[in-house]
Amino acid sequence: MQKANKDKGPVVDNILDYQFFVEATGEKVVGEMADAFVNDGVVTVFIPWVREERETHDVRVLPAIPAEAVPGQYFALQLMQLYPKAPPPIELDKEGWRWRVTLDADETFIVDFYTLPDGRVEMDAARMSTVFDGPRPIVKDYEDVLHNARAANLQIPSPSNPGGSAHVILVDYPTLDEIKRLQKSGYYDLLDAEGLEKLGLAKEDTTVNQAEKEQKDVLAGKTYQGEAATTKQPTGGGSVDRAVNDHKVLTRLMCFDIYDLDGDGMNEDVIWWVIKEEKLLLRARELTQVFPSSPPRRPFAEGQFLEVRGRRSGIGLPEMMEGLHDLQKQIIDQTVDNGTITNVPFFFYRASGTMRPETIRMWPGEGYPIADPKNDVMFPQLPQQGMNFGFNMIQVLNQMEEKLTTVGDLQLGRVPQGKASALRTVRGMQTILQQGDARPERILRRFFMCLTEVYAQMHELNQAFLPKGKQYRVAGMVRPGEDPYRQVDDPAAVRGRFQFDFIANALNTSKEALQAALNELGAVYFTPLMIQLGIATPDGIYQWARDYGKSWGQDADRYLSPPSADSMLPPALAEEVISAIMAGTLPEVRPLEPAEEHVAKLMDFAGKPEFGLLTPAQVDLFKAYLNQMRQRIVAEQQKMALMQAAGSGAAQQGSGQPSGPVPGPQSP
C-alpha cells in the first residue's frame, strides 16, 4: 500500500505461502474451510501465533572411552566437537558424567553419559524442541463461535463497521495437561496452584455446544463418555497418593470484549481466557498486545456461501436444497409405496365364503384352497399412472435442483441428454461453460476473500513475532535454476501494509476450459503481425508455452529452454529499478519497456540533482546495472544484424547475386 514497500512483495508472498501450505498443512486447512463454507454456509478461521515446545532427548552412541583417558576430559572433548559454537560445557558432578551445555541465551540443556554393555558410551541430551512457531490458521466449528445474534461480522463494531459483533466467544476443549503446560510456561499468568488443584478435581462439562458433535458420534457409531484415564502420582512426601487426570477435557472460553482498564471512561478492546467448569480466569490482555495490527482487528477470517444481508451466518448448500430434497423424498416414498402395493396387492374376500377368517401371508408359488376363488376373492386393479407420475416428478425435481445448485451433467463431465449436437465443438463447450460459471464464480470469489483475510492476519502477526533468521522454502514450482531456499534475516524485510488478492476463477476447476482458453490466446497473440511489431516477444511465447504445459499437468521445463537468461526474470520499469538501487540492492530484472527507452530513463535520472543523494555504494550498483543494460542492447543488436544478414543472404542467393560483407552493429 506504500510505494516504499513494493520490493518486499515477493518476500511476503513466499514466506506466507510456506507458513500456510507447508508449516500449517494448508491443503488440509483449505479442505476444512471448504467443508464449513459449503455445508454450514459460513466459515470462520481463527489465526493465532502459536509457539509450542516439547522436551526431546537427543540420544547418540559414542565410541568407548580410551583406556588412558579420563572420562570427564573425554566427555568434554566430545561435547565441544558436537557443539562447536557453544561455550565450554560445565561439569555438574565430580566424575564428569553429567554436563550443562549453553548454546545461546535461550537454550541451556543437561547432557548425561552412560556406559553400554559393549563398552560404548550413550549420550542423552534433554533439549527443548520447537514443535511449531508461527501463525496457525484454525477452522472453528459453527457451534464453537458465539456472538451477537444480529451481528454481520466478527470484527469490532464502529462507525466504519456498524455490523460488528460487540463480543465474540470462542469455545474449545483443551486437556488438563495442556493447561498445566501453559501455566508452567507463564502464558496463563493468572492461574495459581490453588486453581490447578480445583481443575484437577473438576468434572467435565459435556453440555456446551455438543449437539452437532453428538450427532457425529451417533453417525459414527460411537459414544463419548469423557476421558477416563487416571493415574496415581505421589505428592512431595511420597507416602500419600492423589488421583490426577491429565487427560481430562475442560471447556475453555476465549472472550473478545471491551473493558475500561485505565478508568478514563473509554473502553479498551480486551481478551479473557476462562475455564468454564470452575469459572477460573487464566489470562487477560489487551487485544493488540496479543494480536498486534494497525488498524486493530480481531484475528478472524470469515466467508459466506450465500450471503444474507446484515447477518454473519449465510445459507449453505444443504439448507438451500432442503425444500427440494424433502419434496423428492416424499415423491420417492410414494413411488416406492406404489410399487410395493402393486407387487404385493391387498385383496377382498366374501366373509360368508369358504375362506377361513385369518390373515393370509401370500408367498410366491403357494396356493390356498377355496371353493369359488373367482367369486369369493377379488384383487382390485390399481391405476398405473401413479408410477409414471412419480418418475416424471423425480425428473422435474432433479432439473430444478440442478438449476438451483448449478451442478449438472456438464459440470460433472457428462454431455447432457439431448444436447450432443450443441457440444460437438470446443467453442460450443467453452461458451456454455462460461455462461454457467457466473454464479460459481461469485461463490468462489467469496471463498477466496476469506483466504485473503487469513493471509492478511498472518502478515500482521509476522510483523510482530517473526523470529530473526527465519528460514523457509519457496512453496510450489520454482523457475529453472532458481534457489528455492530463502532466509529472512530481519523482520523489517516484511514490515509494511499490503493488500492481498488471489488470482483465481472457475477456469482453475476445469482443465479443458483452461486449455481451450490458452489455445485461443496463442492463436490470437502469436501471429506474424504481432511478432513483427514486437508485441509478441520470445519471452512472452516462452511463458505461454510453460503455462500451456502446466494446463496439461506436465512439467514444461523438462522440454522447454528459455530463449535467454533473462526470460525468467520479473519485468520492471526504470523507476522501480531506481527505487531498488536506492534501497541498496542490485535489481535482477528485465526491462518492461524497450531497452533503449529503459536506459534513456536511467541516464536522465543520472543527470538530475537527485542523483547526488546516492551513496558511493549505490552509485556502484547504478553503474553495474547500467553496464548490464548496455551489454543487453549490444547483444540484441547483434542478434538483429545476424537475422537481417541471414534474410538478405537468402534473398541474394535466390536472385543469383553475390552477397557482400554485412556491417557489424554500432556501439550505443
# chains A, B, ... in the order shown; residues from 1 in each chain; ligands from 1

$ closest_atom_pairs --of "segment 270-355 of chain A" --to "segment 376-399 of chain A" --cutoff "10 Å" --atoms "only C-alpha atoms" --output "tab-separated table"
residue	atom	partner	partner_atom	distance
A:Leu324	CA	A:Leu397	CA	6.8
A:His325	CA	A:Leu397	CA	8.6
A:Leu327	CA	A:Leu397	CA	8.1
A:Gln328	CA	A:Ile394	CA	6.4
A:Lys329	CA	A:Ile394	CA	9.2
A:Gln330	CA	A:Gly390	CA	9.8
A:Ile331	CA	A:Gly390	CA	6.0
A:Ile332	CA	A:Gly390	CA	6.8
A:Asp333	CA	A:Gly390	CA	9.3
A:Gln334	CA	A:Gly390	CA	7.4
A:Thr335	CA	A:Gly390	CA	5.4
A:Val336	CA	A:Met387	CA	8.5
A:Asp337	CA	A:Met387	CA	9.7
A:Asn338	CA	A:Met387	CA	6.8
A:Gly339	CA	A:Met387	CA	7.3
A:Ile341	CA	A:Leu382	CA	8.9
A:Thr342	CA	A:Leu382	CA	7.4
A:Pro345	CA	A:Phe379	CA	7.2
A:Phe346	CA	A:Phe379	CA	6.8
A:Phe347	CA	A:Phe379	CA	4.5
A:Phe348	CA	A:Met378	CA	5.2
A:Tyr349	CA	A:Val377	CA	4.3
A:Arg350	CA	A:Asp376	CA	5.1
A:Ala351	CA	A:Asp376	CA	8.3
A:Ser352	CA	A:Asp376	CA	8.7
A:Gly353	CA	A:Asp376	CA	6.0
A:Thr354	CA	A:Asp376	CA	7.8
A:Met355	CA	A:Asp376	CA	7.9

$ select_by_dssp --residues "segment 450-667 of chain A" --states "alpha helix (DSSP H)" --output "VMD selection string"
chain A and resid 450 to 465 511 to 525 528 to 532 538 to 551 574 to 582 595 to 606 616 to 655

$ closest_residue --among "A:Ala166, A:Val290, A:Leu201, A:Ala284" --to "Lys248 of chain A" --atoms "only C-alpha atoms"
A:Leu201

$ residues_around --residues "Val12 of chain A" --least-positions-apart "2" --cutoff "9 Å" --atoms "only C-alpha atoms" --output "NGL selection string"
:A and (8-10 or 14-17 or 459 or 493-495 or 498)

$ residues_around --residues "Glu107 of chain A" --least-positions-apart "3" --cutoff "9 Å" --atoms "only C-alpha atoms" --output "PyMOL selection string"
chain A and resi 101-104+127-128

$ residues_around --residues "Tyr224 of chain A" --least-positions-apart "5" --cutoff "10 Å" --atoms "only C-alpha atoms" --output "PyMOL selection string"
chain A and resi 206+213-214+217-218

$ select_by_dssp --residues "segment 99-163 of chain A" --states "strand (DSSP E)" --output "PyMOL selection string"
chain A and resi 99-104+107-115+121-135+138-140+145-147

$ residues_around --residues "segment 88-96 of chain A" --least-positions-apart "4" --cutoff "9 Å" --atoms "only C-alpha atoms" --output "tab-separated table (two decimals) with N, CA, C and O atoms, in the first residue's frame"
chain	number	residue	atom	x	y	z
A	70	VAL	N	40.74	-39.86	30.78
A	70	VAL	CA	39.89	-39.57	31.93
A	70	VAL	C	38.47	-39.33	31.41
A	70	VAL	O	38.28	-38.58	30.46
A	71	PRO	N	37.43	-39.98	32.00
A	71	PRO	CA	36.08	-39.84	31.45
A	71	PRO	C	35.63	-38.39	31.30
A	71	PRO	O	35.08	-38.01	30.26
A	72	GLY	N	35.88	-37.54	32.32
A	72	GLY	CA	35.43	-36.16	32.23
A	72	GLY	C	36.06	-35.42	31.06
A	72	GLY	O	35.40	-34.70	30.32
A	73	GLN	N	37.37	-35.60	30.86
A	73	GLN	CA	38.04	-34.93	29.74
A	73	GLN	C	37.54	-35.47	28.40
A	73	GLN	O	37.35	-34.72	27.44
A	75	PHE	N	34.54	-36.74	27.76
A	75	PHE	CA	33.19	-36.24	27.51
A	75	PHE	C	33.21	-34.76	27.13
A	75	PHE	O	32.45	-34.32	26.24
A	76	ALA	N	34.07	-33.97	27.77
A	76	ALA	CA	34.16	-32.54	27.43
A	76	ALA	C	34.61	-32.37	25.98
A	76	ALA	O	34.10	-31.51	25.25
A	79	LEU	N	31.68	-33.16	23.63
A	79	LEU	CA	30.68	-32.10	23.61
A	79	LEU	C	31.15	-30.90	22.80
A	79	LEU	O	30.36	-30.28	22.07
A	80	MET	N	32.42	-30.55	22.93
A	80	MET	CA	32.93	-29.41	22.16
A	80	MET	C	32.94	-29.71	20.67
A	80	MET	O	32.76	-28.82	19.84
A	84	PRO	N	30.24	-26.99	18.43
A	84	PRO	CA	31.43	-26.13	18.33
A	84	PRO	C	31.16	-24.66	18.61
A	84	PRO	O	32.06	-23.93	19.02
A	100	ARG	N	26.36	-29.45	31.68
A	100	ARG	CA	25.42	-28.43	31.22
A	100	ARG	C	26.02	-27.75	29.99
A	100	ARG	O	27.15	-27.27	30.03
A	101	VAL	N	25.22	-27.68	28.91
A	101	VAL	CA	25.65	-27.06	27.66
A	101	VAL	C	24.75	-25.85	27.41
A	101	VAL	O	23.52	-25.94	27.52
A	102	THR	N	25.34	-24.72	27.07
A	102	THR	CA	24.61	-23.48	26.77
A	102	THR	C	24.90	-23.09	25.32
A	102	THR	O	26.01	-22.68	24.98
A	113	PHE	N	25.79	-39.05	30.45
A	113	PHE	CA	26.52	-40.11	29.75
A	113	PHE	C	26.34	-41.42	30.52
A	113	PHE	O	26.35	-41.44	31.77

$ atom_distance --atom1 "atom CA of Leu282 of chain A" --atom2 "atom CA of Gln457 of chain A"
24.5 Å

$ closest_atom_pairs --of "segment 150-207 of chain A" --to "segment 48-59 of chain A" --cutoff "12 Å" --atoms "only C-alpha atoms" --output "Markdown table"
| residue | atom | partner | partner_atom | distance |
| --- | --- | --- | --- | --- |
| A:Glu178 | CA | A:Glu52 | CA | 10.7 |
| A:Arg181 | CA | A:Glu53 | CA | 9.7 |
| A:Leu182 | CA | A:Glu52 | CA | 9.5 |
| A:Ser185 | CA | A:Glu53 | CA | 9.8 |
| A:Tyr187 | CA | A:Arg51 | CA | 10.8 |

$ closest_residue --among "A:Leu62, A:Met458, A:Val407, A:Ile633" --to "Pro137 of chain A" --atoms "only C-alpha atoms"
A:Met458

$ atom_distance --atom1 "atom CA of Gly134 of chain A" --atom2 "atom CA of Phe20 of chain A"
9.5 Å

$ atom_distance --atom1 "atom CA of Asp490 of chain A" --atom2 "atom CA of Lys470 of chain A"
8.3 Å

$ residues_around --residues "Thr251 of chain A" --least-positions-apart "3" --cutoff "8 Å" --atoms "only C-alpha atoms" --output "list of chain:residue names"
A:Val171, A:Asp172, A:Tyr173, A:Pro174, A:Glu204, A:Asp205, A:Val208, A:Ile275, A:Lys276, A:Glu277

$ write_last_selection --atoms "N, CA and C atoms" --output "PDB file, in the first residue's frame"
ATOM      1  N   VAL A 171     -15.075 -21.216  21.790  1.00  0.00           N
ATOM      2  CA  VAL A 171     -15.143 -22.358  22.698  1.00  0.00           C
ATOM      3  C   VAL A 171     -14.224 -23.451  22.161  1.00  0.00           C
ATOM      4  N   ASP A 172     -13.360 -23.975  23.027  1.00  0.00           N
ATOM      5  CA  ASP A 172     -12.573 -25.146  22.663  1.00  0.00           C
ATOM      6  C   ASP A 172     -12.383 -26.012  23.900  1.00  0.00           C
ATOM      7  N   TYR A 173     -11.781 -27.174  23.698  1.00  0.00           N
ATOM      8  CA  TYR A 173     -11.758 -28.191  24.739  1.00  0.00           C
ATOM      9  C   TYR A 173     -10.335 -28.703  24.933  1.00  0.00           C
ATOM     10  N   PRO A 174      -9.513 -27.990  25.702  1.00  0.00           N
ATOM     11  CA  PRO A 174      -8.146 -28.453  25.971  1.00  0.00           C
ATOM     12  C   PRO A 174      -8.129 -29.515  27.063  1.00  0.00           C
ATOM     13  N   GLU A 204     -15.957 -32.952  34.026  1.00  0.00           N
ATOM     14  CA  GLU A 204     -16.107 -32.488  32.649  1.00  0.00           C
ATOM     15  C   GLU A 204     -17.531 -32.005  32.417  1.00  0.00           C
ATOM     16  N   ASP A 205     -17.659 -30.925  31.653  1.00  0.00           N
ATOM     17  CA  ASP A 205     -18.968 -30.394  31.293  1.00  0.00           C
ATOM     18  C   ASP A 205     -19.219 -30.736  29.828  1.00  0.00           C
ATOM     19  N   VAL A 208     -21.936 -28.088  26.652  1.00  0.00           N
ATOM     20  CA  VAL A 208     -21.709 -26.841  25.928  1.00  0.00           C
ATOM     21  C   VAL A 208     -21.546 -27.148  24.439  1.00  0.00           C
ATOM     22  N   ILE A 275     -11.778 -20.827  32.173  1.00  0.00           N
ATOM     23  CA  ILE A 275     -12.205 -22.222  32.237  1.00  0.00           C
ATOM     24  C   ILE A 275     -13.630 -22.240  32.794  1.00  0.00           C
ATOM     25  N   LYS A 276     -14.559 -22.801  32.017  1.00  0.00           N
ATOM     26  CA  LYS A 276     -15.972 -22.702  32.379  1.00  0.00           C
ATOM     27  C   LYS A 276     -16.320 -23.525  33.607  1.00  0.00           C
ATOM     28  N   GLU A 277     -15.741 -24.734  33.744  1.00  0.00           N
ATOM     29  CA  GLU A 277     -16.164 -25.636  34.811  1.00  0.00           C
ATOM     30  C   GLU A 277     -15.994 -24.993  36.192  1.00  0.00           C
TER      31      GLU A 277
END

$ closest_residue --among "A:Leu451, A:Gly540, A:Val111, A:Pro135" --to "Tyr18 of chain A" --atoms "only C-alpha atoms"
A:Pro135

$ decode --residues "segment 175-188 of chain A" --atoms "all heavy atoms" --output "short mmCIF file (atom, residue, chain, number, x, y, z; two decimals), in the first residue's frame"
data_model
loop_
_atom_site.label_atom_id
_atom_site.label_comp_id
_atom_site.auth_asym_id
_atom_site.auth_seq_id
_atom_site.Cartn_x
_atom_site.Cartn_y
_atom_site.Cartn_z
N THR A 175 -7.04 -30.26 27.12
CA THR A 175 -6.86 -31.21 28.21
C THR A 175 -6.23 -30.50 29.41
O THR A 175 -5.66 -29.42 29.29
CB THR A 175 -5.96 -32.37 27.77
OG1 THR A 175 -4.66 -31.85 27.42
CG2 THR A 175 -6.55 -33.10 26.58
N LEU A 176 -6.34 -31.14 30.56
CA LEU A 176 -5.74 -30.58 31.76
C LEU A 176 -4.23 -30.49 31.62
O LEU A 176 -3.60 -29.55 32.13
CB LEU A 176 -6.12 -31.44 32.97
CG LEU A 176 -5.57 -31.00 34.33
CD1 LEU A 176 -6.03 -29.59 34.67
CD2 LEU A 176 -6.00 -31.97 35.42
N ASP A 177 -3.63 -31.43 30.89
CA ASP A 177 -2.19 -31.38 30.68
C ASP A 177 -1.79 -30.13 29.90
O ASP A 177 -0.77 -29.50 30.21
CB ASP A 177 -1.75 -32.65 29.92
CG ASP A 177 -0.27 -32.64 29.61
OD1 ASP A 177 0.54 -32.79 30.54
OD2 ASP A 177 0.08 -32.47 28.41
N GLU A 178 -2.58 -29.76 28.91
CA GLU A 178 -2.27 -28.54 28.14
C GLU A 178 -2.35 -27.30 29.03
O GLU A 178 -1.50 -26.40 28.95
CB GLU A 178 -3.24 -28.41 26.97
CG GLU A 178 -3.04 -27.15 26.13
CD GLU A 178 -4.04 -27.02 25.01
OE1 GLU A 178 -4.60 -28.05 24.60
OE2 GLU A 178 -4.25 -25.88 24.54
N ILE A 179 -3.36 -27.24 29.91
CA ILE A 179 -3.49 -26.11 30.82
C ILE A 179 -2.28 -26.04 31.75
O ILE A 179 -1.73 -24.95 32.01
CB ILE A 179 -4.80 -26.23 31.63
CG1 ILE A 179 -6.01 -26.27 30.69
CG2 ILE A 179 -4.92 -25.08 32.61
CD1 ILE A 179 -6.22 -25.03 29.90
N LYS A 180 -1.83 -27.19 32.24
CA LYS A 180 -0.67 -27.20 33.13
C LYS A 180 0.58 -26.70 32.42
O LYS A 180 1.38 -25.94 32.98
CB LYS A 180 -0.45 -28.61 33.67
CG LYS A 180 -1.45 -29.06 34.72
CD LYS A 180 -1.09 -30.44 35.23
CE LYS A 180 -2.01 -30.87 36.37
NZ LYS A 180 -1.65 -32.22 36.88
N ARG A 181 0.78 -27.13 31.19
CA ARG A 181 1.98 -26.70 30.44
C ARG A 181 1.97 -25.19 30.20
O ARG A 181 2.99 -24.52 30.33
CB ARG A 181 2.07 -27.45 29.12
CG ARG A 181 2.39 -28.94 29.26
CD ARG A 181 2.40 -29.63 27.91
NE ARG A 181 2.67 -31.05 28.04
CZ ARG A 181 3.89 -31.58 28.09
NH1 ARG A 181 4.94 -30.78 27.99
NH2 ARG A 181 4.05 -32.88 28.21
N LEU A 182 0.81 -24.66 29.83
CA LEU A 182 0.72 -23.22 29.58
C LEU A 182 0.89 -22.42 30.86
O LEU A 182 1.43 -21.31 30.85
CB LEU A 182 -0.61 -22.90 28.90
CG LEU A 182 -0.77 -23.44 27.48
CD1 LEU A 182 -2.18 -23.23 26.97
CD2 LEU A 182 0.23 -22.77 26.54
N GLN A 183 0.42 -22.98 31.99
CA GLN A 183 0.61 -22.29 33.27
C GLN A 183 2.08 -22.30 33.68
O GLN A 183 2.61 -21.30 34.17
CB GLN A 183 -0.27 -22.96 34.34
CG GLN A 183 -0.34 -22.19 35.64
CD GLN A 183 0.67 -22.68 36.67
OE1 GLN A 183 1.32 -23.72 36.47
NE2 GLN A 183 0.83 -21.93 37.75
N LYS A 184 2.76 -23.41 33.45
CA LYS A 184 4.17 -23.50 33.82
C LYS A 184 5.03 -22.59 32.95
O LYS A 184 6.02 -22.02 33.43
CB LYS A 184 4.64 -24.95 33.69
CG LYS A 184 6.07 -25.17 34.14
CD LYS A 184 6.46 -26.64 34.04
CE LYS A 184 7.91 -26.85 34.49
NZ LYS A 184 8.31 -28.28 34.38
N SER A 185 4.66 -22.44 31.68
CA SER A 185 5.44 -21.57 30.79
C SER A 185 5.23 -20.09 31.08
O SER A 185 5.94 -19.25 30.53
CB SER A 185 5.08 -21.87 29.34
OG SER A 185 3.75 -21.47 29.06
N GLY A 186 4.24 -19.75 31.91
CA GLY A 186 3.96 -18.35 32.22
C GLY A 186 2.91 -17.72 31.33
O GLY A 186 2.59 -16.54 31.50
N TYR A 187 2.36 -18.49 30.38
CA TYR A 187 1.35 -17.92 29.49
C TYR A 187 0.06 -17.63 30.25
O TYR A 187 -0.53 -16.56 30.11
CB TYR A 187 1.09 -18.90 28.34
CG TYR A 187 0.19 -18.35 27.26
CD1 TYR A 187 0.67 -17.46 26.31
CD2 TYR A 187 -1.16 -18.71 27.19
CE1 TYR A 187 -0.16 -16.95 25.32
CE2 TYR A 187 -1.99 -18.22 26.22
CZ TYR A 187 -1.49 -17.33 25.28
OH TYR A 187 -2.31 -16.82 24.31
N TYR A 188 -0.37 -18.58 31.10
CA TYR A 188 -1.54 -18.35 31.95
C TYR A 188 -1.04 -17.81 33.29
O TYR A 188 -0.88 -18.53 34.27
CB TYR A 188 -2.32 -19.65 32.15
CG TYR A 188 -3.08 -20.10 30.91
CD1 TYR A 188 -3.43 -21.43 30.73
CD2 TYR A 188 -3.45 -19.18 29.93
CE1 TYR A 188 -4.13 -21.83 29.61
CE2 TYR A 188 -4.14 -19.57 28.81
CZ TYR A 188 -4.47 -20.90 28.64
OH TYR A 188 -5.16 -21.30 27.53
#
